[in-house]
$ cat input.txt   # compact mmCIF, C-alpha atoms and all ligand atoms
# COMPACT_ATOMS: atom_id res chain seq x y z
CA MET A 1 175.10 10.43 117.92
CA ILE A 2 172.80 8.68 115.41
CA TYR A 3 175.89 7.49 113.62
CA PHE A 4 177.36 5.87 116.74
CA THR A 5 174.01 4.31 117.64
CA LEU A 6 173.85 2.71 114.19
CA ILE A 7 177.36 1.32 114.55
CA PHE A 8 176.44 -0.09 117.94
CA ILE A 9 173.33 -1.80 116.55
CA ASN A 10 175.46 -3.06 113.70
CA LEU A 11 178.02 -4.53 116.12
CA ILE A 12 175.55 -6.44 118.21
CA THR A 13 173.14 -7.70 115.57
CA GLY A 14 175.29 -8.35 112.51
CA CYS A 15 174.33 -8.16 108.85
CA SER A 16 170.62 -7.53 109.15
CA ALA A 17 170.82 -4.40 111.25
CA ALA A 18 174.03 -3.26 109.60
CA MET A 19 172.41 -3.25 106.21
CA ASN A 20 169.53 -0.97 107.10
CA ASP A 21 168.77 1.73 104.55
CA THR A 22 169.52 4.69 106.77
CA GLN A 23 173.09 3.69 107.36
CA LEU A 24 173.98 2.60 103.85
CA ASN A 25 172.32 5.46 102.02
CA GLN A 26 174.00 8.21 103.97
CA PHE A 27 177.38 7.34 102.46
CA GLU A 28 178.93 7.94 99.08
CA PRO A 29 178.62 5.25 96.43
CA VAL A 30 181.61 3.42 95.03
CA GLN A 31 184.24 5.68 93.52
CA GLU A 32 186.72 4.48 90.97
CA GLN A 33 189.26 6.79 89.38
CA SER A 34 191.65 5.18 86.94
CA THR A 35 194.87 7.02 86.13
CA PRO A 36 196.36 7.42 82.64
CA ASP A 37 199.60 5.57 83.57
CA GLU A 38 197.95 2.36 84.83
CA LYS A 39 198.09 0.50 81.54
CA TYR A 40 201.78 1.35 81.10
CA HIS A 41 202.76 0.08 84.58
CA THR A 42 200.58 -3.00 84.17
CA GLN A 43 202.30 -3.94 80.89
CA GLN A 44 205.75 -3.24 82.38
CA LEU A 45 204.95 -5.55 85.29
CA ILE A 46 203.80 -8.30 82.95
CA ASP A 47 207.04 -8.02 80.95
CA LEU A 48 209.26 -7.95 84.07
CA LEU A 49 207.52 -10.92 85.68
CA LYS A 50 207.66 -12.95 82.45
CA GLU A 51 211.39 -12.29 82.24
CA LYS A 52 211.84 -13.38 85.87
CA MET A 53 209.78 -16.54 85.38
CA GLU A 54 211.79 -17.50 82.29
CA LYS A 55 215.01 -17.08 84.25
CA ASP A 56 213.83 -18.82 87.44
CA TYR A 57 212.30 -21.81 85.64
CA ALA A 58 214.60 -22.11 82.61
CA ASN A 59 214.89 -25.90 82.68
CA THR A 60 212.03 -26.93 84.85
CA LEU A 61 208.26 -26.69 85.19
CA MET A 62 207.27 -23.03 85.24
CA LYS A 63 205.55 -22.04 88.47
CA ARG A 64 203.45 -18.95 89.21
CA GLY A 65 205.08 -15.49 89.04
CA ALA A 66 203.84 -14.91 92.63
CA HIS A 67 202.75 -17.39 95.31
CA PRO A 68 204.67 -20.24 93.58
CA LYS A 69 204.77 -22.48 96.66
CA HIS A 70 201.52 -24.13 97.66
CA HIS A 71 200.84 -26.16 100.78
CA GLY A 72 197.99 -27.90 99.01
CA CYS A 73 194.58 -27.53 97.42
CA VAL A 74 191.77 -28.75 99.64
CA LYS A 75 188.16 -29.59 98.88
CA ALA A 76 185.68 -27.39 100.70
CA GLU A 77 182.04 -26.42 101.04
CA PHE A 78 180.95 -22.79 100.90
CA ILE A 79 177.65 -22.54 102.74
CA VAL A 80 175.74 -19.28 102.27
CA GLU A 81 174.31 -18.08 105.58
CA PRO A 82 170.57 -18.71 105.95
CA ASP A 83 168.25 -15.75 106.53
CA LEU A 84 170.51 -13.08 105.09
CA PRO A 85 168.68 -9.77 104.67
CA ASP A 86 167.92 -8.60 101.13
CA LYS A 87 170.86 -6.16 101.12
CA CYS A 88 173.27 -9.10 101.53
CA ARG A 89 171.58 -11.28 98.91
CA ILE A 90 173.93 -10.35 96.11
CA GLY A 91 175.63 -12.57 93.52
CA VAL A 92 176.69 -15.90 95.03
CA PHE A 93 175.01 -14.90 98.32
CA LYS A 94 171.62 -14.48 96.62
CA ASN A 95 170.19 -17.88 97.52
CA GLU A 96 170.60 -20.07 100.54
CA GLN A 97 172.84 -22.67 98.91
CA THR A 98 176.06 -24.63 99.27
CA PHE A 99 178.80 -24.42 96.65
CA ASP A 100 181.56 -26.97 96.21
CA ALA A 101 184.93 -25.24 96.28
CA TRP A 102 188.69 -25.64 96.03
CA ILE A 103 191.03 -23.65 98.27
CA ARG A 104 194.72 -23.27 97.49
CA PHE A 105 196.94 -22.28 100.44
CA SER A 106 200.28 -20.70 99.51
CA ASN A 107 203.31 -18.64 100.51
CA GLY A 108 203.48 -15.18 98.95
CA ALA A 109 207.24 -15.01 98.31
CA GLY A 110 208.28 -14.92 94.66
CA ALA A 111 210.57 -17.93 95.18
CA VAL A 112 209.95 -21.34 96.71
CA GLN A 113 211.51 -21.15 100.18
CA SER A 114 211.29 -22.59 103.68
CA ASP A 115 207.98 -22.06 105.47
CA MET A 116 209.97 -20.93 108.50
CA LYS A 117 210.87 -17.64 106.79
CA ASN A 118 208.72 -14.62 107.47
CA ASP A 119 206.21 -14.24 104.66
CA ILE A 120 202.69 -13.21 103.74
CA ARG A 121 200.52 -16.33 103.20
CA GLY A 122 197.79 -16.66 100.59
CA ALA A 123 194.45 -18.44 100.38
CA ALA A 124 192.60 -18.63 97.07
CA ILE A 125 189.01 -19.91 96.98
CA LYS A 126 187.34 -21.13 93.82
CA LEU A 127 183.58 -21.73 93.99
CA LEU A 128 182.30 -24.25 91.43
CA ASN A 129 179.09 -24.43 89.40
CA VAL A 130 178.31 -20.75 89.80
CA ASP A 131 175.60 -19.81 87.32
CA GLY A 132 175.49 -16.49 85.48
CA LYS A 133 177.58 -14.58 82.95
CA LYS A 134 181.05 -13.71 84.28
CA ILE A 135 183.19 -10.62 83.67
CA LEU A 136 186.23 -11.77 81.70
CA GLU A 137 185.46 -11.31 78.01
CA ASP A 138 187.15 -14.60 77.06
CA GLU A 139 185.60 -16.58 79.95
CA LEU A 140 182.04 -15.29 80.00
CA HIS A 141 180.49 -18.72 80.44
CA GLU A 142 182.89 -20.23 82.96
CA LYS A 143 181.21 -21.47 86.13
CA THR A 144 183.69 -20.34 88.78
CA GLN A 145 183.83 -17.44 91.25
CA ASP A 146 187.23 -16.82 92.88
CA PHE A 147 188.09 -14.96 96.10
CA LEU A 148 191.77 -14.24 96.85
CA PHE A 149 193.17 -13.49 100.29
CA LEU A 150 196.38 -12.56 102.10
CA SER A 151 197.30 -13.04 105.76
CA ASN A 152 197.30 -9.28 106.31
CA PRO A 153 194.57 -6.62 106.40
CA ILE A 154 196.19 -4.45 103.73
CA PHE A 155 198.36 -4.73 100.62
CA PRO A 156 201.64 -3.02 101.56
CA ILE A 157 201.79 -1.10 98.26
CA ARG A 158 199.15 1.46 97.37
CA ASN A 159 199.06 1.26 93.56
CA VAL A 160 200.40 -0.42 90.43
CA ALA A 161 202.93 2.35 89.70
CA ASP A 162 204.68 1.72 93.03
CA PHE A 163 204.41 -2.04 92.64
CA HIS A 164 206.11 -1.71 89.25
CA LYS A 165 208.92 0.27 90.91
CA LEU A 166 209.27 -2.36 93.64
CA VAL A 167 209.45 -5.28 91.19
CA ASP A 168 211.84 -3.36 88.94
CA CYS A 169 214.15 -2.62 91.91
CA THR A 170 213.96 -6.24 93.10
CA ILE A 171 214.85 -7.69 89.70
CA ASN A 172 217.24 -5.08 88.34
CA HIS A 173 218.82 -3.44 91.43
CA SER A 174 217.95 -4.51 94.94
CA PHE A 175 214.75 -4.99 96.90
CA LEU A 176 216.07 -2.48 99.47
CA TRP A 177 216.68 0.25 96.86
CA PHE A 178 212.91 0.68 96.50
CA PHE A 179 212.63 1.56 100.19
CA PHE A 180 215.86 3.54 100.66
CA ASN A 181 216.35 5.32 97.31
CA PRO A 182 217.18 8.84 98.64
CA PHE A 183 215.36 10.49 95.71
CA ASP A 184 212.19 8.43 96.10
CA SER A 185 212.17 6.54 99.40
CA HIS A 186 209.31 4.35 100.59
CA LEU A 187 209.80 4.05 104.33
CA ARG A 188 206.08 3.74 105.04
CA GLU A 189 205.91 0.72 102.71
CA LEU A 190 208.96 -0.78 104.44
CA LYS A 191 207.10 -0.62 107.74
CA LEU A 192 203.98 -2.15 106.17
CA PHE A 193 205.99 -5.05 104.69
CA TRP A 194 207.75 -5.56 108.01
CA GLN A 195 204.41 -5.79 109.82
CA ALA A 196 202.83 -8.07 107.21
CA ALA A 197 205.54 -10.74 106.83
CA LYS A 198 205.37 -13.26 109.68
CA THR A 199 205.98 -16.90 110.51
CA HIS A 200 202.80 -18.91 110.79
CA VAL A 201 202.12 -22.30 112.32
CA ASN A 202 198.96 -23.46 110.57
CA PRO A 203 197.43 -22.14 107.30
CA LEU A 204 194.03 -23.36 108.54
CA ASP A 205 194.32 -21.14 111.60
CA ILE A 206 195.19 -17.78 110.02
CA ARG A 207 192.84 -14.88 109.47
CA TYR A 208 192.99 -13.72 105.82
CA TRP A 209 191.82 -10.49 104.13
CA SER A 210 191.05 -9.56 100.52
CA THR A 211 193.00 -6.31 101.15
CA THR A 212 191.49 -4.78 97.99
CA PRO A 213 187.82 -3.81 97.55
CA TYR A 214 185.07 -5.43 95.51
CA LEU A 215 181.66 -4.42 94.31
CA PHE A 216 178.78 -5.93 96.27
CA GLY A 217 175.76 -5.06 94.19
CA THR A 218 176.07 -1.28 94.18
CA LYS A 219 178.21 -0.97 97.33
CA ALA A 220 181.91 -1.62 97.91
CA VAL A 221 183.16 -4.26 100.35
CA LYS A 222 186.33 -5.94 101.49
CA TYR A 223 186.31 -9.62 102.44
CA SER A 224 187.92 -11.55 105.26
CA ILE A 225 187.89 -15.20 106.28
CA ILE A 226 188.27 -15.94 109.97
CA PRO A 227 189.25 -19.41 111.28
CA THR A 228 186.68 -20.84 113.66
CA SER A 229 187.90 -24.39 114.40
CA ASP A 230 188.67 -25.00 118.03
CA ASN A 231 190.83 -28.06 117.44
CA MET A 232 193.83 -26.53 115.72
CA THR A 233 197.09 -28.44 115.44
CA GLN A 234 199.97 -26.50 116.92
CA ILE A 235 202.53 -29.31 117.26
CA SER A 236 206.04 -28.84 115.97
CA LEU A 237 207.05 -31.23 113.22
CA ASP A 238 210.48 -32.26 111.96
CA SER A 239 210.69 -31.06 108.40
CA GLU A 240 210.70 -27.30 108.82
CA ASP A 241 210.87 -26.36 105.15
CA ASN A 242 207.40 -27.72 104.38
CA ILE A 243 205.96 -27.52 107.85
CA LEU A 244 202.77 -25.77 106.75
CA ARG A 245 201.81 -28.61 104.43
CA GLU A 246 202.62 -31.14 107.14
CA ILE A 247 200.50 -29.31 109.68
CA MET A 248 197.60 -29.27 107.22
CA GLN A 249 198.03 -32.99 106.51
CA HIS A 250 198.04 -33.69 110.22
CA GLN A 251 195.05 -31.46 110.89
CA LEU A 252 192.86 -32.79 108.10
CA LYS A 253 193.63 -36.47 108.70
CA GLU A 254 190.71 -36.74 111.09
CA GLN A 255 189.40 -33.28 111.79
CA GLU A 256 187.62 -30.64 109.76
CA ALA A 257 188.59 -26.99 109.60
CA THR A 258 186.15 -24.09 109.33
CA PHE A 259 186.19 -20.38 108.52
CA ASP A 260 183.59 -17.63 108.63
CA PHE A 261 183.39 -15.70 105.36
CA MET A 262 182.86 -12.03 106.20
CA VAL A 263 182.12 -8.80 104.31
CA GLN A 264 182.94 -5.27 105.42
CA PHE A 265 180.92 -2.51 103.76
CA GLN A 266 182.49 0.78 102.73
CA THR A 267 180.69 3.32 104.86
CA ASP A 268 182.92 6.35 104.32
CA ALA A 269 184.55 7.02 100.96
CA ARG A 270 187.37 9.12 102.40
CA GLN A 271 188.43 6.88 105.29
CA MET A 272 187.87 3.72 103.25
CA PRO A 273 189.41 4.52 99.87
CA ILE A 274 188.91 2.37 96.79
CA GLU A 275 192.07 3.43 94.99
CA ASP A 276 194.69 2.92 97.74
CA ALA A 277 195.15 -0.75 98.68
CA SER A 278 197.49 0.13 101.55
CA VAL A 279 194.80 1.76 103.70
CA GLU A 280 193.00 -0.45 106.20
CA TRP A 281 189.25 0.01 106.49
CA ASP A 282 188.71 0.51 110.18
CA GLU A 283 186.70 -2.35 111.69
CA SER A 284 185.49 -0.17 114.51
CA VAL A 285 183.84 2.12 111.94
CA SER A 286 182.44 -0.69 109.77
CA PRO A 287 182.61 -4.18 111.33
CA PHE A 288 182.90 -7.33 109.24
CA GLN A 289 179.69 -9.37 109.02
CA LYS A 290 179.28 -13.06 108.34
CA VAL A 291 177.69 -14.10 105.04
CA ALA A 292 178.90 -17.71 104.63
CA THR A 293 180.65 -20.62 106.32
CA ILE A 294 183.60 -22.45 104.77
CA LYS A 295 183.85 -26.09 105.78
CA ILE A 296 186.96 -28.11 104.92
CA PRO A 297 186.14 -31.75 105.76
CA PRO A 298 188.80 -34.28 106.82
CA GLN A 299 190.68 -35.41 103.72
CA GLN A 300 193.96 -36.42 102.19
CA PHE A 301 194.95 -33.68 99.74
CA ASP A 302 198.58 -34.46 98.92
CA SER A 303 198.45 -37.24 96.33
CA ASP A 304 200.79 -36.59 93.37
CA SER A 305 197.85 -36.07 91.04
CA GLN A 306 196.12 -33.58 93.35
CA MET A 307 199.34 -31.62 93.88
CA GLU A 308 199.76 -31.46 90.10
CA PHE A 309 196.15 -30.37 89.67
CA CYS A 310 196.77 -27.64 92.27
CA GLU A 311 199.88 -26.44 90.45
CA ASN A 312 197.95 -26.05 87.21
CA LEU A 313 194.89 -24.24 88.53
CA SER A 314 194.52 -20.52 87.83
CA PHE A 315 192.92 -18.10 90.26
CA THR A 316 192.14 -14.45 89.62
CA PRO A 317 189.77 -12.02 91.33
CA TRP A 318 188.40 -11.42 87.82
CA HIS A 319 186.89 -14.93 87.69
CA SER A 320 183.76 -13.26 88.93
CA LEU A 321 180.15 -12.38 88.52
CA PRO A 322 179.70 -8.68 87.64
CA GLU A 323 178.02 -8.18 91.05
CA HIS A 324 181.40 -8.92 92.73
CA ARG A 325 183.62 -7.00 90.26
CA PRO A 326 187.11 -6.16 91.59
CA LEU A 327 187.57 -2.44 92.30
CA GLY A 328 190.49 -0.02 92.46
CA ASN A 329 193.90 0.53 90.93
CA ILE A 330 195.67 -2.67 92.04
CA ASN A 331 192.69 -4.84 91.12
CA ARG A 332 192.38 -3.27 87.65
CA ALA A 333 196.05 -4.09 87.05
CA ARG A 334 195.52 -7.67 88.23
CA LYS A 335 193.01 -8.31 85.45
CA GLU A 336 195.64 -8.41 82.68
CA ILE A 337 198.54 -9.53 84.91
CA TYR A 338 196.93 -12.75 86.14
CA ARG A 339 195.46 -13.58 82.74
CA GLU A 340 198.73 -13.02 80.86
CA LEU A 341 200.99 -14.75 83.38
CA SER A 342 198.72 -17.75 83.84
CA LYS A 343 198.54 -18.15 80.05
CA PHE A 344 202.32 -17.77 79.86
CA ARG A 345 203.14 -20.51 82.37
CA HIS A 346 200.60 -22.90 80.86
CA LEU A 347 202.00 -22.27 77.39
CA LYS A 348 205.58 -22.83 78.59
CA ASN A 349 204.51 -26.03 80.38
CA ASN A 350 202.57 -27.14 77.34
CA LEU A 351 199.44 -27.60 79.39
CA PRO A 352 195.84 -26.50 78.71
CA ARG A 353 194.22 -23.93 81.01
CA LYS A 354 191.24 -25.85 82.32
CA LYS A 355 188.65 -24.82 84.90
CA PRO A 356 187.62 -27.52 87.34
CA VAL A 357 183.96 -28.46 87.28
CA ASN A 358 183.94 -30.87 90.20
CA LYS A 359 185.58 -31.32 93.55
C1 LIG A 401 199.86 -5.31 91.40
C2 LIG A 401 199.78 -6.16 92.42
C3 LIG A 401 199.85 -7.65 92.24
C4 LIG A 401 200.54 -8.39 91.32
C5 LIG A 401 201.46 -7.89 90.22
C6 LIG A 401 200.24 -9.78 91.59
C7 LIG A 401 200.73 -10.85 90.84
C8 LIG A 401 200.33 -12.15 91.00
C9 LIG A 401 200.63 -13.23 90.09
C10 LIG A 401 201.45 -13.07 88.80
C11 LIG A 401 200.09 -14.37 90.57
C12 LIG A 401 200.11 -15.76 89.94
C13 LIG A 401 199.01 -15.85 88.87
C14 LIG A 401 199.01 -17.17 88.11
O1 LIG A 401 200.01 -17.50 87.49
O2 LIG A 401 197.99 -17.88 88.12
C15 LIG A 401 199.47 -14.02 91.83
C16 LIG A 401 198.85 -14.90 92.67
C17 LIG A 401 198.25 -14.55 93.85
N1 LIG A 401 198.03 -13.27 94.33
FE1 LIG A 401 198.67 -11.57 93.50
N2 LIG A 401 199.40 -9.86 92.67
C18 LIG A 401 199.12 -8.58 93.09
C19 LIG A 401 198.29 -8.21 94.12
C20 LIG A 401 197.66 -9.10 94.96
C21 LIG A 401 196.76 -8.71 96.02
C22 LIG A 401 196.30 -7.29 96.35
C23 LIG A 401 196.36 -9.86 96.64
C24 LIG A 401 195.40 -9.87 97.77
C25 LIG A 401 194.58 -10.88 98.03
C26 LIG A 401 197.02 -10.98 95.97
C27 LIG A 401 196.90 -12.33 96.30
C28 LIG A 401 197.35 -13.37 95.52
C29 LIG A 401 197.15 -14.77 95.86
C30 LIG A 401 196.47 -15.34 97.11
C31 LIG A 401 197.71 -15.51 94.82
C32 LIG A 401 197.77 -17.02 94.68
C33 LIG A 401 196.64 -17.51 93.79
C34 LIG A 401 196.74 -19.01 93.61
O3 LIG A 401 196.71 -19.72 94.62
O4 LIG A 401 196.86 -19.45 92.45
N3 LIG A 401 197.79 -10.47 94.97
N4 LIG A 401 199.61 -12.67 92.06
$ encode --input "input.txt" --output "structure tokens"
Amino acid sequence: MIYFTLIFINLITGCSAAMNDTQLNQFEPVQEQSTPDEKYHTQQLIDLLKEKMEKDYANTLMKRGAHPKHHGCVKAEFIVEPDLPDKCRIGVFKNEQTFDAWIRFSNGAGAVQSDMKNDIRGAAIKLLNVDGKKILEDELHEKTQDFLFLSNPIFPIRNVADFHKLVDCTINHSFLWFFFNPFDSHLRELKLFWQAAKTHVNPLDIRYWSTTPYLFGTKAVKYSIIPTSDNMTQISLDSEDNILREIMQHQLKEQEATFDFMVQFQTDARQMPIEDASVEWDESVSPFQKVATIKIPPQQFDSDSQMEFCENLSFTPWHSLPEHRPLGNINRARKEIYRELSKFRHLKNNLPRKKPVNK
């Protein structure tokens, strides 16, 4: 009964009540359990994706190994909520302040394709001028904090071993073999992919989720950004292939777009696992709570130079303060994968890997 009362208080009063000591302390702390095969699968994935990128972009500019198509990079403000309780004042949320940011909106598919095809969309946020030592050993003094999101509450694959199998099947056999291999079928994952891939009409009007967990001080959280503009463009435009960019251009010509940045605390280690990215953390058990506002002011974002800048940016959840360290199997694999593949495409394109300092 006490448990349900606390959830009710949490629901109606948001972060401050939700973060009270009684509720947080009665649950298990963060649990991470790496497996001995992770490094092997991570390296295999890096090798497979490099091979695919070399083939796909043999005589042209090398794009990302995932999310190669962007709709644009927009300038944004990340405004930390005033009056957050102490439990929420962690890392970039410590002080009441506004960060300049870039946000790259993308399609998830491994190849550049029409926006009308079902897909999972991505949003990658890069906060600028973030003080404090970061996690990546070779980027300790960089000033950025990244948050990466997908248009789906979960990642359809639970761990790096299965993701390696999926990519291997896609490149060397067939995408479908991963799901229907009679000796090792993955019908649950097929259903999860089916549910996740959709058509979307406006990247500024999609709810996005981190899908994987992150440290939040000493607790674990997942993130979500929820669109809050009430003036969303829903018109149909002519050029279907790049309709999402066109909708964004249209939207941001005169109007701003906004999102609420939310955190969801892990309140039950068994129901809200750290190591399986394909399990949704039930919002009715632990509701998301607002900790910041994202404001995207009206702007033109599609000049040639800005599109080129967008192409050459690198996002990774490991561009992070230690307080927001990525957690779990898939996130651990992403540390080396994003670093290696970003370095690879910049090397192939003969371009330096630079971090932006200004909007
Ligand atoms: C083992 C699983 C995963 C692999 C192998 C993988 C691989 C990649 C790679 C290679 C890139 C391009 C990196 C670059 O060249 O800069 C990328 C980008 C991206 N990934 Fe993942 N990823 C995985 C899981 C995830 C998850 C769980 C999310 C959930 C948020 C995610 C969201 C994104 C987004 C939004 C981008 C685009 C970033 C940008 O705009 O530059 N990925 N991923």
$ closest_atom_pairs --input "input.txt" --of "chain A" --to "ligand LIG 401 (chain A)" --cutoff "7 Å" --atoms "all atoms listed in the file" --output "Markdown table"
| residue | atom | partner | partner_atom | distance |
| --- | --- | --- | --- | --- |
| A:Leu45 | CA | A:LIG401 | C5 | 6.5 |
| A:Arg64 | CA | A:LIG401 | O1 | 4.1 |
| A:Gly65 | CA | A:LIG401 | C10 | 4.4 |
| A:Ala66 | CA | A:LIG401 | C11 | 4.3 |
| A:His67 | CA | A:LIG401 | C32 | 5.0 |
| A:Arg104 | CA | A:LIG401 | O3 | 5.0 |
| A:Phe105 | CA | A:LIG401 | O3 | 6.4 |
| A:Ser106 | CA | A:LIG401 | O3 | 6.1 |
| A:Gly122 | CA | A:LIG401 | C30 | 3.9 |
| A:Ala123 | CA | A:LIG401 | C30 | 4.9 |
| A:Ala124 | CA | A:LIG401 | O3 | 4.9 |
| A:Leu148 | CA | A:LIG401 | C25 | 4.5 |
| A:Phe149 | CA | A:LIG401 | C25 | 3.7 |
| A:Leu150 | CA | A:LIG401 | C25 | 4.8 |
| A:Phe155 | CA | A:LIG401 | C22 | 5.4 |
| A:Asn159 | CA | A:LIG401 | C1 | 7.0 |
| A:Val160 | CA | A:LIG401 | C1 | 5.0 |
| A:Phe163 | CA | A:LIG401 | C1 | 5.7 |
| A:Trp209 | CA | A:LIG401 | C25 | 6.7 |
| A:Ser210 | CA | A:LIG401 | C25 | 4.5 |
| A:Thr211 | CA | A:LIG401 | C24 | 5.5 |
| A:Thr212 | CA | A:LIG401 | C22 | 5.7 |
| A:Leu313 | CA | A:LIG401 | O4 | 6.5 |
| A:Ser314 | CA | A:LIG401 | O2 | 4.4 |
| A:Phe315 | CA | A:LIG401 | O4 | 4.7 |
| A:Thr316 | CA | A:LIG401 | C33 | 6.9 |
| A:Ile330 | CA | A:LIG401 | C1 | 5.0 |
| A:Asn331 | CA | A:LIG401 | C22 | 6.8 |
| A:Ala333 | CA | A:LIG401 | C1 | 5.9 |
| A:Arg334 | CA | A:LIG401 | C1 | 5.9 |
| A:Ile337 | CA | A:LIG401 | C10 | 6.0 |
| A:Tyr338 | CA | A:LIG401 | C13 | 4.6 |
| A:Leu341 | CA | A:LIG401 | O1 | 5.0 |
| A:Ser342 | CA | A:LIG401 | O1 | 3.9 |
| A:Arg345 | CA | A:LIG401 | O1 | 6.7 |
$ closest_residue --input "input.txt" --among "A:Asn349, A:Thr267, A:Gln97, A:Thr144" --to "A:Glu311" --atoms "only C-alpha atoms"
A:Asn349
$ closest_residue --input "input.txt" --among "A:Asp260, A:Glu246, A:Asp304, A:Asp131" --to "A:Gly91" --atoms "only C-alpha atoms"
A:Asp131
$ atom_distance --input "input.txt" --atom1 "atom CA of A:Pro156" --atom2 "atom CA of A:Leu127"
27.1 Å
$ axis_aligned_box --input "input.txt" --around "stretch 307-320 of chain A" --padding-each-side "6 Å" --output "JSON"
{"center_x": 191.8, "center_y": -21.5, "center_z": 90.5, "size_x": 28.1, "size_y": 32.2, "size_z": 18.7}
$ closest_residue --input "input.txt" --among "A:Tyr214, A:Tyr57, A:Phe265, A:Phe301" --to "A:Gln251" --atoms "all atoms listed in the file"
A:Phe301
$ atom_distance --input "input.txt" --atom1 "atom CA of A:Ile90" --atom2 "atom CA of A:Glu323"
6.9 Å
$ closest_residue --input "input.txt" --among "A:Ser174, A:Thr258, A:Thr42, A:Gln289" --to "A:Tyr223" --atoms "only C-alpha atoms"
A:Gln289
$ closest_residue --input "input.txt" --among "A:Ala292, A:Lys198, A:Asn118, A:Asp168" --to "A:Ile226" --atoms "all atoms listed in the file"
A:Ala292
$ residues_around --input "input.txt" --residues "A:Ser114" --least-positions-apart "3" --cutoff "8 Å" --atoms "only C-alpha atoms" --output "PyMOL selection string"
chain A and resi 117+240-242
$ closest_residue --input "input.txt" --among "A:Ile171, A:Ala197, A:Leu187, A:Ile243" --to "A:Asp115" --atoms "all atoms listed in the file"
A:Ile243
$ decode --input "input.txt" --residues "stretch 281-293 of chain A" --atoms "N, CA, C and O atoms" --output "PDB file, in the first residue's frame"
ATOM      1  N   TRP A 281      10.988  -0.116 -19.418  1.00  0.00           N
ATOM      2  CA  TRP A 281      10.762   0.190 -17.996  1.00  0.00           C
ATOM      3  C   TRP A 281       9.365   0.792 -17.892  1.00  0.00           C
ATOM      4  O   TRP A 281       9.076   1.837 -18.495  1.00  0.00           O
ATOM      5  N   ASP A 282       8.537   0.121 -17.157  1.00  0.00           N
ATOM      6  CA  ASP A 282       7.109   0.456 -17.110  1.00  0.00           C
ATOM      7  C   ASP A 282       6.886   1.861 -16.525  1.00  0.00           C
ATOM      8  O   ASP A 282       7.248   2.129 -15.376  1.00  0.00           O
ATOM      9  N   GLU A 283       6.247   2.701 -17.305  1.00  0.00           N
ATOM     10  CA  GLU A 283       6.007   4.086 -16.856  1.00  0.00           C
ATOM     11  C   GLU A 283       4.991   4.155 -15.727  1.00  0.00           C
ATOM     12  O   GLU A 283       4.946   5.135 -14.987  1.00  0.00           O
ATOM     13  N   SER A 284       4.149   3.126 -15.634  1.00  0.00           N
ATOM     14  CA  SER A 284       3.167   3.184 -14.550  1.00  0.00           C
ATOM     15  C   SER A 284       3.825   2.806 -13.223  1.00  0.00           C
ATOM     16  O   SER A 284       3.321   3.112 -12.145  1.00  0.00           O
ATOM     17  N   VAL A 285       4.969   2.142 -13.284  1.00  0.00           N
ATOM     18  CA  VAL A 285       5.715   1.820 -12.061  1.00  0.00           C
ATOM     19  C   VAL A 285       6.641   2.980 -11.691  1.00  0.00           C
ATOM     20  O   VAL A 285       6.735   3.375 -10.539  1.00  0.00           O
ATOM     21  N   SER A 286       7.326   3.528 -12.701  1.00  0.00           N
ATOM     22  CA  SER A 286       8.197   4.692 -12.446  1.00  0.00           C
ATOM     23  C   SER A 286       7.980   5.714 -13.573  1.00  0.00           C
ATOM     24  O   SER A 286       8.524   5.554 -14.664  1.00  0.00           O
ATOM     25  N   PRO A 287       7.195   6.747 -13.305  1.00  0.00           N
ATOM     26  CA  PRO A 287       6.886   7.726 -14.356  1.00  0.00           C
ATOM     27  C   PRO A 287       8.088   8.600 -14.709  1.00  0.00           C
ATOM     28  O   PRO A 287       8.955   8.826 -13.862  1.00  0.00           O
ATOM     29  N   PHE A 288       8.131   9.052 -15.945  1.00  0.00           N
ATOM     30  CA  PHE A 288       9.153  10.015 -16.356  1.00  0.00           C
ATOM     31  C   PHE A 288       8.879  11.366 -15.693  1.00  0.00           C
ATOM     32  O   PHE A 288       7.713  11.755 -15.542  1.00  0.00           O
ATOM     33  N   GLN A 289       9.964  12.074 -15.362  1.00  0.00           N
ATOM     34  CA  GLN A 289       9.823  13.387 -14.721  1.00  0.00           C
ATOM     35  C   GLN A 289      10.675  14.419 -15.440  1.00  0.00           C
ATOM     36  O   GLN A 289      11.805  14.127 -15.839  1.00  0.00           O
ATOM     37  N   LYS A 290      10.121  15.604 -15.579  1.00  0.00           N
ATOM     38  CA  LYS A 290      10.800  16.651 -16.353  1.00  0.00           C
ATOM     39  C   LYS A 290      11.993  17.235 -15.593  1.00  0.00           C
ATOM     40  O   LYS A 290      11.867  17.588 -14.424  1.00  0.00           O
ATOM     41  N   VAL A 291      13.145  17.343 -16.303  1.00  0.00           N
ATOM     42  CA  VAL A 291      14.305  17.996 -15.686  1.00  0.00           C
ATOM     43  C   VAL A 291      14.850  19.143 -16.538  1.00  0.00           C
ATOM     44  O   VAL A 291      15.709  19.905 -16.076  1.00  0.00           O
ATOM     45  N   ALA A 292      14.376  19.274 -17.787  1.00  0.00           N
ATOM     46  CA  ALA A 292      14.854  20.379 -18.633  1.00  0.00           C
ATOM     47  C   ALA A 292      13.866  20.609 -19.778  1.00  0.00           C
ATOM     48  O   ALA A 292      13.026  19.746 -20.084  1.00  0.00           O
ATOM     49  N   THR A 293      14.007  21.798 -20.384  1.00  0.00           N
ATOM     50  CA  THR A 293      13.219  22.116 -21.580  1.00  0.00           C
ATOM     51  C   THR A 293      14.179  22.289 -22.746  1.00  0.00           C
ATOM     52  O   THR A 293      15.238  22.911 -22.594  1.00  0.00           O
TER      53      THR A 293
END
